[in-house]
Structures are given as C-alpha cells and as structure tokens.
$ cat final33.cif   # mmCIF, N, CA, C and O atoms
data_my_file
#
loop_
_atom_site.label_atom_id
_atom_site.label_comp_id
_atom_site.auth_asym_id
_atom_site.auth_seq_id
_atom_site.Cartn_x
_atom_site.Cartn_y
_atom_site.Cartn_z
N MET A 484 0.84 -1.18 0.00
CA MET A 484 0.00 0.00 0.00
C MET A 484 0.88 1.25 0.00
O MET A 484 1.94 1.26 0.61
N THR A 485 0.39 2.27 -0.62
CA THR A 485 1.13 3.53 -0.66
C THR A 485 0.83 4.36 0.60
O THR A 485 -0.10 4.05 1.35
N PHE A 486 1.58 5.42 0.78
CA PHE A 486 1.35 6.32 1.90
C PHE A 486 -0.10 6.80 1.91
O PHE A 486 -0.77 6.74 2.94
N GLY A 487 -0.58 7.28 0.78
CA GLY A 487 -1.95 7.80 0.70
C GLY A 487 -3.01 6.76 1.00
O GLY A 487 -4.01 7.05 1.67
N GLU A 488 -2.80 5.54 0.51
CA GLU A 488 -3.75 4.46 0.78
C GLU A 488 -3.78 4.10 2.26
O GLU A 488 -4.84 3.89 2.84
N LYS A 489 -2.60 4.04 2.86
CA LYS A 489 -2.52 3.73 4.29
C LYS A 489 -3.18 4.82 5.11
O LYS A 489 -3.92 4.55 6.06
N LEU A 490 -2.91 6.07 4.75
CA LEU A 490 -3.49 7.20 5.46
C LEU A 490 -5.01 7.16 5.43
O LEU A 490 -5.67 7.25 6.46
N LYS A 491 -5.56 6.96 4.26
CA LYS A 491 -7.02 6.92 4.12
C LYS A 491 -7.61 5.72 4.86
O LYS A 491 -8.62 5.85 5.56
N ASP A 492 -6.97 4.57 4.73
CA ASP A 492 -7.45 3.36 5.40
C ASP A 492 -7.49 3.54 6.91
O ASP A 492 -8.49 3.25 7.56
N LEU A 493 -6.41 4.05 7.48
CA LEU A 493 -6.36 4.27 8.93
C LEU A 493 -7.37 5.32 9.37
O LEU A 493 -8.03 5.17 10.40
N ARG A 494 -7.48 6.39 8.60
CA ARG A 494 -8.43 7.45 8.94
C ARG A 494 -9.85 6.91 8.99
O ARG A 494 -10.60 7.17 9.94
N LEU A 495 -10.21 6.10 8.01
CA LEU A 495 -11.56 5.54 7.97
C LEU A 495 -11.77 4.51 9.09
O LEU A 495 -12.84 4.46 9.68
N LYS A 496 -10.75 3.72 9.40
CA LYS A 496 -10.87 2.74 10.49
C LYS A 496 -11.10 3.42 11.83
O LYS A 496 -11.76 2.87 12.70
N LEU A 497 -10.54 4.62 11.99
CA LEU A 497 -10.74 5.37 13.23
C LEU A 497 -11.95 6.30 13.16
O LEU A 497 -12.17 7.10 14.07
N ASN A 498 -12.69 6.19 12.08
CA ASN A 498 -13.91 6.99 11.87
C ASN A 498 -13.66 8.49 11.90
O ASN A 498 -14.47 9.26 12.42
N TYR A 499 -12.52 8.90 11.35
CA TYR A 499 -12.22 10.32 11.20
C TYR A 499 -12.62 10.78 9.80
O TYR A 499 -12.31 10.10 8.81
N SER A 500 -13.24 11.92 9.70
CA SER A 500 -13.38 12.58 8.40
C SER A 500 -12.07 13.30 8.14
O SER A 500 -11.25 13.47 9.06
N GLN A 501 -11.85 13.76 6.92
CA GLN A 501 -10.65 14.54 6.66
C GLN A 501 -10.66 15.81 7.51
O GLN A 501 -9.63 16.24 8.01
N SER A 502 -11.83 16.37 7.69
CA SER A 502 -11.96 17.58 8.50
C SER A 502 -11.55 17.32 9.96
O SER A 502 -10.84 18.13 10.57
N GLU A 503 -12.00 16.20 10.51
CA GLU A 503 -11.65 15.86 11.89
C GLU A 503 -10.15 15.60 12.05
O GLU A 503 -9.53 16.05 13.01
N LEU A 504 -9.58 14.87 11.08
CA LEU A 504 -8.15 14.59 11.15
C LEU A 504 -7.35 15.88 11.00
O LEU A 504 -6.34 16.08 11.68
N ALA A 505 -7.82 16.77 10.16
CA ALA A 505 -7.17 18.07 10.01
C ALA A 505 -7.18 18.83 11.33
O ALA A 505 -6.17 19.43 11.73
N SER A 506 -8.29 18.78 12.02
CA SER A 506 -8.42 19.48 13.29
C SER A 506 -7.49 18.88 14.35
O SER A 506 -6.84 19.61 15.10
N VAL A 507 -7.40 17.57 14.39
CA VAL A 507 -6.55 16.88 15.38
C VAL A 507 -5.06 17.13 15.12
O VAL A 507 -4.29 17.30 16.07
N THR A 508 -4.68 17.17 13.85
CA THR A 508 -3.25 17.26 13.51
C THR A 508 -2.76 18.68 13.23
O THR A 508 -1.56 18.93 13.26
N GLY A 509 -3.68 19.58 12.91
CA GLY A 509 -3.27 20.92 12.50
C GLY A 509 -2.82 20.98 11.06
O GLY A 509 -2.24 21.97 10.61
N ILE A 510 -3.10 19.93 10.30
CA ILE A 510 -2.77 19.86 8.88
C ILE A 510 -4.04 20.22 8.10
O ILE A 510 -5.12 19.76 8.44
N SER A 511 -3.92 21.01 7.07
CA SER A 511 -5.11 21.45 6.34
C SER A 511 -5.82 20.29 5.63
O SER A 511 -5.19 19.30 5.26
N GLU A 512 -7.13 20.44 5.47
CA GLU A 512 -7.90 19.44 4.73
C GLU A 512 -7.37 19.29 3.31
O GLU A 512 -7.33 18.19 2.77
N ARG A 513 -7.00 20.39 2.72
CA ARG A 513 -6.48 20.36 1.34
C ARG A 513 -5.21 19.50 1.27
O ARG A 513 -5.03 18.71 0.34
N SER A 514 -4.34 19.66 2.27
CA SER A 514 -3.12 18.85 2.29
C SER A 514 -3.46 17.37 2.47
O SER A 514 -2.90 16.50 1.79
N LEU A 515 -4.39 17.06 3.37
CA LEU A 515 -4.80 15.66 3.57
C LEU A 515 -5.34 15.07 2.27
O LEU A 515 -5.04 13.93 1.93
N TYR A 516 -6.12 15.86 1.56
CA TYR A 516 -6.66 15.39 0.27
C TYR A 516 -5.51 15.08 -0.70
O TYR A 516 -5.53 14.04 -1.36
N THR A 517 -4.52 15.97 -0.77
CA THR A 517 -3.42 15.72 -1.71
C THR A 517 -2.61 14.49 -1.31
O THR A 517 -2.12 13.78 -2.18
N TYR A 518 -2.50 14.23 -0.01
CA TYR A 518 -1.79 13.02 0.42
C TYR A 518 -2.57 11.77 0.01
O TYR A 518 -1.99 10.82 -0.50
N GLU A 519 -3.87 11.77 0.28
CA GLU A 519 -4.69 10.59 0.03
C GLU A 519 -4.98 10.38 -1.46
O GLU A 519 -4.83 9.27 -1.97
N ALA A 520 -5.42 11.40 -2.14
CA ALA A 520 -5.92 11.22 -3.50
C ALA A 520 -4.87 11.43 -4.58
O ALA A 520 -4.95 10.81 -5.64
N LEU A 521 -3.89 12.28 -4.32
CA LEU A 521 -2.93 12.61 -5.36
C LEU A 521 -1.55 12.03 -5.13
O LEU A 521 -0.66 12.18 -5.95
N GLY A 522 -1.37 11.36 -3.99
CA GLY A 522 -0.11 10.69 -3.73
C GLY A 522 1.02 11.58 -3.27
O GLY A 522 2.18 11.16 -3.28
N ALA A 523 0.71 12.80 -2.87
CA ALA A 523 1.77 13.68 -2.36
C ALA A 523 2.30 13.13 -1.04
O ALA A 523 1.55 12.53 -0.27
N ILE A 524 3.57 13.35 -0.80
CA ILE A 524 4.19 12.90 0.45
C ILE A 524 4.46 14.14 1.31
O ILE A 524 5.11 15.08 0.86
N PRO A 525 3.96 14.13 2.54
CA PRO A 525 4.14 15.30 3.40
C PRO A 525 5.56 15.41 3.95
O PRO A 525 6.33 14.46 3.91
N ARG A 526 5.87 16.57 4.48
CA ARG A 526 7.16 16.75 5.15
C ARG A 526 7.17 15.90 6.42
O ARG A 526 6.13 15.49 6.92
N LYS A 527 8.35 15.66 6.93
CA LYS A 527 8.54 14.76 8.07
C LYS A 527 7.71 15.18 9.29
O LYS A 527 7.16 14.32 9.99
N SER A 528 7.62 16.46 9.54
CA SER A 528 6.86 16.91 10.72
C SER A 528 5.38 16.55 10.60
O SER A 528 4.75 16.17 11.59
N ASN A 529 4.84 16.61 9.39
CA ASN A 529 3.44 16.23 9.20
C ASN A 529 3.25 14.72 9.25
O ASN A 529 2.22 14.24 9.73
N ILE A 530 4.22 13.97 8.77
CA ILE A 530 4.14 12.51 8.87
C ILE A 530 4.08 12.11 10.35
O ILE A 530 3.28 11.25 10.73
N LYS A 531 4.89 12.75 11.17
CA LYS A 531 4.90 12.45 12.61
C LYS A 531 3.55 12.79 13.24
O LYS A 531 3.01 12.00 14.03
N LYS A 532 2.97 13.93 12.90
CA LYS A 532 1.65 14.32 13.42
C LYS A 532 0.59 13.30 13.01
O LYS A 532 -0.26 12.92 13.82
N LEU A 533 0.63 12.86 11.76
CA LEU A 533 -0.34 11.88 11.28
C LEU A 533 -0.16 10.54 11.98
O LEU A 533 -1.14 9.91 12.40
N ALA A 534 1.07 10.08 12.12
CA ALA A 534 1.34 8.81 12.79
C ALA A 534 0.83 8.85 14.23
O ALA A 534 0.19 7.89 14.69
N ASP A 535 1.08 9.94 14.91
CA ASP A 535 0.61 10.07 16.30
C ASP A 535 -0.92 10.04 16.36
O ASP A 535 -1.49 9.34 17.19
N ALA A 536 -1.57 10.79 15.49
CA ALA A 536 -3.03 10.86 15.50
C ALA A 536 -3.67 9.53 15.12
O ALA A 536 -4.74 9.18 15.63
N LEU A 537 -3.01 8.79 14.23
CA LEU A 537 -3.56 7.52 13.75
C LEU A 537 -3.05 6.32 14.54
O LEU A 537 -3.37 5.18 14.23
N LYS A 538 -2.22 6.60 15.55
CA LYS A 538 -1.74 5.56 16.47
C LYS A 538 -0.92 4.47 15.79
O LYS A 538 -1.10 3.27 16.04
N VAL A 539 -0.03 4.90 14.89
CA VAL A 539 0.88 3.97 14.23
C VAL A 539 2.28 4.56 14.26
O VAL A 539 2.48 5.74 14.54
N ASP A 540 3.26 3.73 13.98
CA ASP A 540 4.64 4.18 13.88
C ASP A 540 4.85 4.86 12.53
O ASP A 540 4.23 4.50 11.54
N VAL A 541 5.74 5.82 12.50
CA VAL A 541 6.06 6.54 11.27
C VAL A 541 6.48 5.57 10.16
O VAL A 541 6.11 5.73 9.00
N SER A 542 7.24 4.55 10.52
CA SER A 542 7.73 3.61 9.51
C SER A 542 6.59 2.89 8.80
O SER A 542 6.72 2.56 7.62
N TYR A 543 5.48 2.64 9.47
CA TYR A 543 4.35 2.01 8.79
C TYR A 543 3.85 2.91 7.66
O TYR A 543 3.58 2.43 6.56
N LEU A 544 3.73 4.19 7.92
CA LEU A 544 3.24 5.11 6.89
C LEU A 544 4.24 5.30 5.76
O LEU A 544 3.84 5.45 4.60
N THR A 545 5.52 5.29 6.06
CA THR A 545 6.52 5.65 5.05
C THR A 545 7.12 4.47 4.30
O THR A 545 7.71 4.67 3.25
N ASP A 546 6.96 3.27 4.81
CA ASP A 546 7.54 2.09 4.16
C ASP A 546 6.44 1.28 3.50
O ASP A 546 5.65 0.62 4.17
N ASP A 547 6.40 1.33 2.17
CA ASP A 547 5.35 0.64 1.41
C ASP A 547 5.38 -0.87 1.61
O ASP A 547 4.38 -1.55 1.37
N SER A 548 6.50 -1.42 2.06
CA SER A 548 6.59 -2.87 2.22
C SER A 548 5.97 -3.36 3.53
O SER A 548 5.74 -4.56 3.69
N ILE A 549 5.68 -2.45 4.46
CA ILE A 549 5.05 -2.85 5.72
C ILE A 549 3.54 -2.81 5.53
O ILE A 549 2.95 -1.75 5.31
N ALA A 550 2.91 -3.98 5.61
CA ALA A 550 1.48 -4.08 5.37
C ALA A 550 0.65 -4.08 6.66
O ALA A 550 -0.53 -3.77 6.63
N ASP A 551 1.28 -4.41 7.77
CA ASP A 551 0.58 -4.51 9.04
C ASP A 551 1.01 -3.36 9.95
O ASP A 551 2.19 -3.26 10.28
N PRO A 552 0.08 -2.50 10.36
CA PRO A 552 0.47 -1.36 11.19
C PRO A 552 1.15 -1.76 12.50
O PRO A 552 1.94 -1.00 13.04
N GLY A 553 0.89 -2.94 13.01
CA GLY A 553 1.52 -3.39 14.24
C GLY A 553 2.95 -3.87 14.05
O GLY A 553 3.74 -3.88 14.99
N LYS A 554 3.32 -4.26 12.85
CA LYS A 554 4.66 -4.81 12.59
C LYS A 554 5.76 -3.79 12.84
O LYS A 554 6.81 -4.13 13.34
N SER A 555 5.52 -2.55 12.50
CA SER A 555 6.58 -1.55 12.68
C SER A 555 6.90 -1.36 14.16
O SER A 555 8.03 -1.12 14.54
N PHE A 556 5.89 -1.49 15.03
CA PHE A 556 6.13 -1.38 16.46
C PHE A 556 6.90 -2.60 16.96
O PHE A 556 7.77 -2.48 17.79
N GLU A 557 6.59 -3.79 16.43
CA GLU A 557 7.28 -5.00 16.85
C GLU A 557 8.76 -4.91 16.52
O GLU A 557 9.60 -5.28 17.31
N ARG A 558 9.08 -4.41 15.34
CA ARG A 558 10.46 -4.29 14.92
C ARG A 558 11.24 -3.33 15.79
O ARG A 558 12.39 -3.55 16.11
N ARG A 559 10.61 -2.24 16.22
CA ARG A 559 11.26 -1.24 17.06
C ARG A 559 11.61 -1.79 18.42
O ARG A 559 12.61 -1.43 19.02
N SER A 560 10.79 -2.69 18.94
CA SER A 560 11.00 -3.20 20.30
C SER A 560 12.00 -4.35 20.35
O SER A 560 12.38 -4.77 21.42
N GLN A 561 12.42 -4.86 19.22
CA GLN A 561 13.36 -6.00 19.21
C GLN A 561 14.78 -5.55 19.36
O GLN A 561 15.18 -4.51 19.09
#

$ encode --input "final33.cif" --output "structure tokens"
Amino acid sequence: MTFGEKLKDLRLKLNYSQSELASVTGISERSLYTYEALGAIPRKSNIKKLADALKVDVSYLTDDSIADPGKSFERRSQ
C-alpha cells in the first residue's frame, strides 16, 4: 500500500473525516486530500503528526513494504 492508501485506510478505520483529522493534527484538509488522492508525500513533521493521530509508527506510513500497522512497532521493540 502507498502512503496515501494507508493514510485513508487508517483514517476511515478510526472513523475520522478529513476535517476531523485536520483538526486533530493541525494539517489542512487540502493537504490531507493531496496526500490521500494525489499521492503527495508530506514533510517529516506532518508525517509524525499523522502517525501520532492515527496511532501507528512513522515507519508504517513511510515504508510501502510494511502491510501490518503493528509490525513496525514489533520491529522497534526487538
């Protein structure tokens, strides 16, 4: 999955609208749309805000080869 696909999937699983996620993270709705629909990659500070809000590790969002959001946490603790 790509960054945008993971972002949208996690957002929907947590029942956040783009507007709600924008409010929680301080990232504009327009930016969230470009990440999800157009495949734009945010700057590192925004990736960290999104990972925190979506309760996943940054590596899950940024590494297309990680398919399970829990795996990135397992790797960090080893």

$ atom_distance --input "final33.cif" --atom1 "CA of Gly522 in chain A" --atom2 "CA of Gly509 in chain A"
19.4 Å

$ resolve_selection --input "final33.cif" --expression "the PyMOL selection byres (((chain A and resi 534-541 and name CA) around 9) and name CA)" --output "number ranges by chain"
A: 490, 493-494, 497, 504, 507-508, 529-533, 542-546, 552-553, 555-556

$ write_last_selection --input "final33.cif" --atoms "N, CA, C and O atoms" --output "PDB file, keeping the file's coordinate frame"
ATOM      1  N   LEU A 490      -2.910   6.070   4.750  1.00  0.00           N
ATOM      2  CA  LEU A 490      -3.490   7.200   5.460  1.00  0.00           C
ATOM      3  C   LEU A 490      -5.010   7.160   5.430  1.00  0.00           C
ATOM      4  O   LEU A 490      -5.670   7.250   6.460  1.00  0.00           O
ATOM      5  N   LEU A 493      -6.410   4.050   7.480  1.00  0.00           N
ATOM      6  CA  LEU A 493      -6.360   4.270   8.930  1.00  0.00           C
ATOM      7  C   LEU A 493      -7.370   5.320   9.370  1.00  0.00           C
ATOM      8  O   LEU A 493      -8.030   5.170  10.400  1.00  0.00           O
ATOM      9  N   ARG A 494      -7.480   6.390   8.600  1.00  0.00           N
ATOM     10  CA  ARG A 494      -8.430   7.450   8.940  1.00  0.00           C
ATOM     11  C   ARG A 494      -9.850   6.910   8.990  1.00  0.00           C
ATOM     12  O   ARG A 494     -10.600   7.170   9.940  1.00  0.00           O
ATOM     13  N   LEU A 497     -10.540   4.620  11.990  1.00  0.00           N
ATOM     14  CA  LEU A 497     -10.740   5.370  13.230  1.00  0.00           C
ATOM     15  C   LEU A 497     -11.950   6.300  13.160  1.00  0.00           C
ATOM     16  O   LEU A 497     -12.170   7.100  14.070  1.00  0.00           O
ATOM     17  N   LEU A 504      -9.580  14.870  11.080  1.00  0.00           N
ATOM     18  CA  LEU A 504      -8.150  14.590  11.150  1.00  0.00           C
ATOM     19  C   LEU A 504      -7.350  15.880  11.000  1.00  0.00           C
ATOM     20  O   LEU A 504      -6.340  16.080  11.680  1.00  0.00           O
ATOM     21  N   VAL A 507      -7.400  17.570  14.390  1.00  0.00           N
ATOM     22  CA  VAL A 507      -6.550  16.880  15.380  1.00  0.00           C
ATOM     23  C   VAL A 507      -5.060  17.130  15.120  1.00  0.00           C
ATOM     24  O   VAL A 507      -4.290  17.300  16.070  1.00  0.00           O
ATOM     25  N   THR A 508      -4.680  17.170  13.850  1.00  0.00           N
ATOM     26  CA  THR A 508      -3.250  17.260  13.510  1.00  0.00           C
ATOM     27  C   THR A 508      -2.760  18.680  13.230  1.00  0.00           C
ATOM     28  O   THR A 508      -1.560  18.930  13.260  1.00  0.00           O
ATOM     29  N   ASN A 529       4.840  16.610   9.390  1.00  0.00           N
ATOM     30  CA  ASN A 529       3.440  16.230   9.200  1.00  0.00           C
ATOM     31  C   ASN A 529       3.250  14.720   9.250  1.00  0.00           C
ATOM     32  O   ASN A 529       2.220  14.240   9.730  1.00  0.00           O
ATOM     33  N   ILE A 530       4.220  13.970   8.770  1.00  0.00           N
ATOM     34  CA  ILE A 530       4.140  12.510   8.870  1.00  0.00           C
ATOM     35  C   ILE A 530       4.080  12.110  10.350  1.00  0.00           C
ATOM     36  O   ILE A 530       3.280  11.250  10.730  1.00  0.00           O
ATOM     37  N   LYS A 531       4.890  12.750  11.170  1.00  0.00           N
ATOM     38  CA  LYS A 531       4.900  12.450  12.610  1.00  0.00           C
ATOM     39  C   LYS A 531       3.550  12.790  13.240  1.00  0.00           C
ATOM     40  O   LYS A 531       3.010  12.000  14.030  1.00  0.00           O
ATOM     41  N   LYS A 532       2.970  13.930  12.900  1.00  0.00           N
ATOM     42  CA  LYS A 532       1.650  14.320  13.420  1.00  0.00           C
ATOM     43  C   LYS A 532       0.590  13.300  13.010  1.00  0.00           C
ATOM     44  O   LYS A 532      -0.260  12.920  13.820  1.00  0.00           O
ATOM     45  N   LEU A 533       0.630  12.860  11.760  1.00  0.00           N
ATOM     46  CA  LEU A 533      -0.340  11.880  11.280  1.00  0.00           C
ATOM     47  C   LEU A 533      -0.160  10.540  11.980  1.00  0.00           C
ATOM     48  O   LEU A 533      -1.140   9.910  12.400  1.00  0.00           O
ATOM     49  N   SER A 542       7.240   4.550  10.520  1.00  0.00           N
ATOM     50  CA  SER A 542       7.730   3.610   9.510  1.00  0.00           C
ATOM     51  C   SER A 542       6.590   2.890   8.800  1.00  0.00           C
ATOM     52  O   SER A 542       6.720   2.560   7.620  1.00  0.00           O
ATOM     53  N   TYR A 543       5.480   2.640   9.470  1.00  0.00           N
ATOM     54  CA  TYR A 543       4.350   2.010   8.790  1.00  0.00           C
ATOM     55  C   TYR A 543       3.850   2.910   7.660  1.00  0.00           C
ATOM     56  O   TYR A 543       3.580   2.430   6.560  1.00  0.00           O
ATOM     57  N   LEU A 544       3.730   4.190   7.920  1.00  0.00           N
ATOM     58  CA  LEU A 544       3.240   5.110   6.890  1.00  0.00           C
ATOM     59  C   LEU A 544       4.240   5.300   5.760  1.00  0.00           C
ATOM     60  O   LEU A 544       3.840   5.450   4.600  1.00  0.00           O
ATOM     61  N   THR A 545       5.520   5.290   6.060  1.00  0.00           N
ATOM     62  CA  THR A 545       6.520   5.650   5.050  1.00  0.00           C
ATOM     63  C   THR A 545       7.120   4.470   4.300  1.00  0.00           C
ATOM     64  O   THR A 545       7.710   4.670   3.250  1.00  0.00           O
ATOM     65  N   ASP A 546       6.960   3.270   4.810  1.00  0.00           N
ATOM     66  CA  ASP A 546       7.540   2.090   4.160  1.00  0.00           C
ATOM     67  C   ASP A 546       6.440   1.280   3.500  1.00  0.00           C
ATOM     68  O   ASP A 546       5.650   0.620   4.170  1.00  0.00           O
ATOM     69  N   PRO A 552       0.080  -2.500  10.360  1.00  0.00           N
ATOM     70  CA  PRO A 552       0.470  -1.360  11.190  1.00  0.00           C
ATOM     71  C   PRO A 552       1.150  -1.760  12.500  1.00  0.00           C
ATOM     72  O   PRO A 552       1.940  -1.000  13.040  1.00  0.00           O
ATOM     73  N   GLY A 553       0.890  -2.940  13.010  1.00  0.00           N
ATOM     74  CA  GLY A 553       1.520  -3.390  14.240  1.00  0.00           C
ATOM     75  C   GLY A 553       2.950  -3.870  14.050  1.00  0.00           C
ATOM     76  O   GLY A 553       3.740  -3.880  14.990  1.00  0.00           O
ATOM     77  N   SER A 555       5.520  -2.550  12.500  1.00  0.00           N
ATOM     78  CA  SER A 555       6.580  -1.550  12.680  1.00  0.00           C
ATOM     79  C   SER A 555       6.900  -1.360  14.160  1.00  0.00           C
ATOM     80  O   SER A 555       8.030  -1.120  14.540  1.00  0.00           O
ATOM     81  N   PHE A 556       5.890  -1.490  15.030  1.00  0.00           N
ATOM     82  CA  PHE A 556       6.130  -1.380  16.460  1.00  0.00           C
ATOM     83  C   PHE A 556       6.900  -2.600  16.960  1.00  0.00           C
ATOM     84  O   PHE A 556       7.770  -2.480  17.790  1.00  0.00           O
TER      85      PHE A 556
END

$ axis_aligned_box --input "final33.cif" --around "range 526-535 of chain A" --padding-each-side "5 Å" --output "lines of an AutoDock Vina configuration file"
center_x = 3.5
center_y = 12.4
center_z = 10.8
size_x = 20.0
size_y = 19.0
size_z = 22.7

$ residues_around --input "final33.cif" --residues "Leu521 in chain A" --least-positions-apart "2" --cutoff "12 Å" --atoms "only C-alpha atoms" --output "PyMOL selection string"
chain A and resi 485-488+491+513-519+523-525

$ atom_distance --input "final33.cif" --atom1 "CA of Glu503 in chain A" --atom2 "CA of Ser548 in chain A"
27.9 Å

$ atom_distance --input "final33.cif" --atom1 "CA of Ser506 in chain A" --atom2 "atom N of Ile549 in chain A"
27.5 Å

$ select_by_dssp --input "final33.cif" --residues "range 497-561 of chain A" --states "helix (DSSP H, G or I)" --output "JSON, numbers by chain"
{"A": [501, 502, 503, 504, 505, 506, 507, 508, 512, 513, 514, 515, 516, 517, 518, 519, 520, 521, 527, 528, 529, 530, 531, 532, 533, 534, 535, 536, 537, 541, 542, 543, 544, 545, 554, 555, 556, 557, 558, 559, 560]}

$ decode --input "final33.cif" --residues "range 517-525 of chain A" --atoms "all heavy atoms" --output "PDB file, in the first residue's frame"
ATOM      1  N   THR A 517      -4.517  15.966  -0.770  1.00  0.00           N
ATOM      2  CA  THR A 517      -3.418  15.721  -1.706  1.00  0.00           C
ATOM      3  C   THR A 517      -2.612  14.491  -1.310  1.00  0.00           C
ATOM      4  O   THR A 517      -2.120  13.779  -2.179  1.00  0.00           O
ATOM      5  CB  THR A 517      -2.479  16.940  -1.854  1.00  0.00           C
ATOM      6  OG1 THR A 517      -1.858  17.225  -0.614  1.00  0.00           O
ATOM      7  CG2 THR A 517      -3.228  18.154  -2.359  1.00  0.00           C
ATOM      8  N   TYR A 518      -2.499  14.229  -0.014  1.00  0.00           N
ATOM      9  CA  TYR A 518      -1.791  13.021   0.416  1.00  0.00           C
ATOM     10  C   TYR A 518      -2.568  11.771   0.010  1.00  0.00           C
ATOM     11  O   TYR A 518      -1.991  10.817  -0.504  1.00  0.00           O
ATOM     12  CB  TYR A 518      -1.584  12.996   1.934  1.00  0.00           C
ATOM     13  CG  TYR A 518      -0.884  14.187   2.538  1.00  0.00           C
ATOM     14  CD1 TYR A 518      -1.107  14.530   3.859  1.00  0.00           C
ATOM     15  CD2 TYR A 518       0.008  14.971   1.805  1.00  0.00           C
ATOM     16  CE1 TYR A 518      -0.469  15.618   4.446  1.00  0.00           C
ATOM     17  CE2 TYR A 518       0.648  16.065   2.384  1.00  0.00           C
ATOM     18  CZ  TYR A 518       0.397  16.377   3.701  1.00  0.00           C
ATOM     19  OH  TYR A 518       1.019  17.456   4.279  1.00  0.00           O
ATOM     20  N   GLU A 519      -3.868  11.772   0.284  1.00  0.00           N
ATOM     21  CA  GLU A 519      -4.685  10.586   0.028  1.00  0.00           C
ATOM     22  C   GLU A 519      -4.981  10.376  -1.460  1.00  0.00           C
ATOM     23  O   GLU A 519      -4.834   9.267  -1.969  1.00  0.00           O
ATOM     24  CB  GLU A 519      -6.019  10.693   0.768  1.00  0.00           C
ATOM     25  CG  GLU A 519      -5.899  10.537   2.252  1.00  0.00           C
ATOM     26  CD  GLU A 519      -7.238  10.550   2.972  1.00  0.00           C
ATOM     27  OE1 GLU A 519      -8.301  10.559   2.312  1.00  0.00           O
ATOM     28  OE2 GLU A 519      -7.220  10.541   4.205  1.00  0.00           O
ATOM     29  N   ALA A 520      -5.421  11.396  -2.135  1.00  0.00           N
ATOM     30  CA  ALA A 520      -5.922  11.224  -3.503  1.00  0.00           C
ATOM     31  C   ALA A 520      -4.866  11.428  -4.581  1.00  0.00           C
ATOM     32  O   ALA A 520      -4.948  10.808  -5.641  1.00  0.00           O
ATOM     33  CB  ALA A 520      -7.084  12.188  -3.742  1.00  0.00           C
ATOM     34  N   LEU A 521      -3.894  12.276  -4.322  1.00  0.00           N
ATOM     35  CA  LEU A 521      -2.928  12.612  -5.365  1.00  0.00           C
ATOM     36  C   LEU A 521      -1.549  12.026  -5.134  1.00  0.00           C
ATOM     37  O   LEU A 521      -0.658  12.182  -5.954  1.00  0.00           O
ATOM     38  CB  LEU A 521      -2.839  14.136  -5.517  1.00  0.00           C
ATOM     39  CG  LEU A 521      -4.168  14.844  -5.811  1.00  0.00           C
ATOM     40  CD1 LEU A 521      -3.960  16.342  -5.894  1.00  0.00           C
ATOM     41  CD2 LEU A 521      -4.800  14.305  -7.080  1.00  0.00           C
ATOM     42  N   GLY A 522      -1.373  11.362  -3.991  1.00  0.00           N
ATOM     43  CA  GLY A 522      -0.115  10.686  -3.727  1.00  0.00           C
ATOM     44  C   GLY A 522       1.024  11.578  -3.271  1.00  0.00           C
ATOM     45  O   GLY A 522       2.178  11.155  -3.280  1.00  0.00           O
ATOM     46  N   ALA A 523       0.713  12.803  -2.873  1.00  0.00           N
ATOM     47  CA  ALA A 523       1.771  13.684  -2.364  1.00  0.00           C
ATOM     48  C   ALA A 523       2.295  13.129  -1.041  1.00  0.00           C
ATOM     49  O   ALA A 523       1.552  12.532  -0.272  1.00  0.00           O
ATOM     50  CB  ALA A 523       1.229  15.092  -2.165  1.00  0.00           C
ATOM     51  N   ILE A 524       3.575  13.348  -0.797  1.00  0.00           N
ATOM     52  CA  ILE A 524       4.192  12.898   0.448  1.00  0.00           C
ATOM     53  C   ILE A 524       4.457  14.141   1.308  1.00  0.00           C
ATOM     54  O   ILE A 524       5.111  15.076   0.860  1.00  0.00           O
ATOM     55  CB  ILE A 524       5.518  12.155   0.182  1.00  0.00           C
ATOM     56  CG1 ILE A 524       5.289  10.949  -0.736  1.00  0.00           C
ATOM     57  CG2 ILE A 524       6.164  11.727   1.499  1.00  0.00           C
ATOM     58  CD1 ILE A 524       4.385   9.872  -0.172  1.00  0.00           C
ATOM     59  N   PRO A 525       3.957  14.130   2.536  1.00  0.00           N
ATOM     60  CA  PRO A 525       4.138  15.300   3.402  1.00  0.00           C
ATOM     61  C   PRO A 525       5.559  15.410   3.945  1.00  0.00           C
ATOM     62  O   PRO A 525       6.332  14.457   3.908  1.00  0.00           O
ATOM     63  CB  PRO A 525       3.159  15.056   4.544  1.00  0.00           C
ATOM     64  CG  PRO A 525       2.936  13.600   4.564  1.00  0.00           C
ATOM     65  CD  PRO A 525       3.138  13.103   3.162  1.00  0.00           C
TER      66      PRO A 525
END
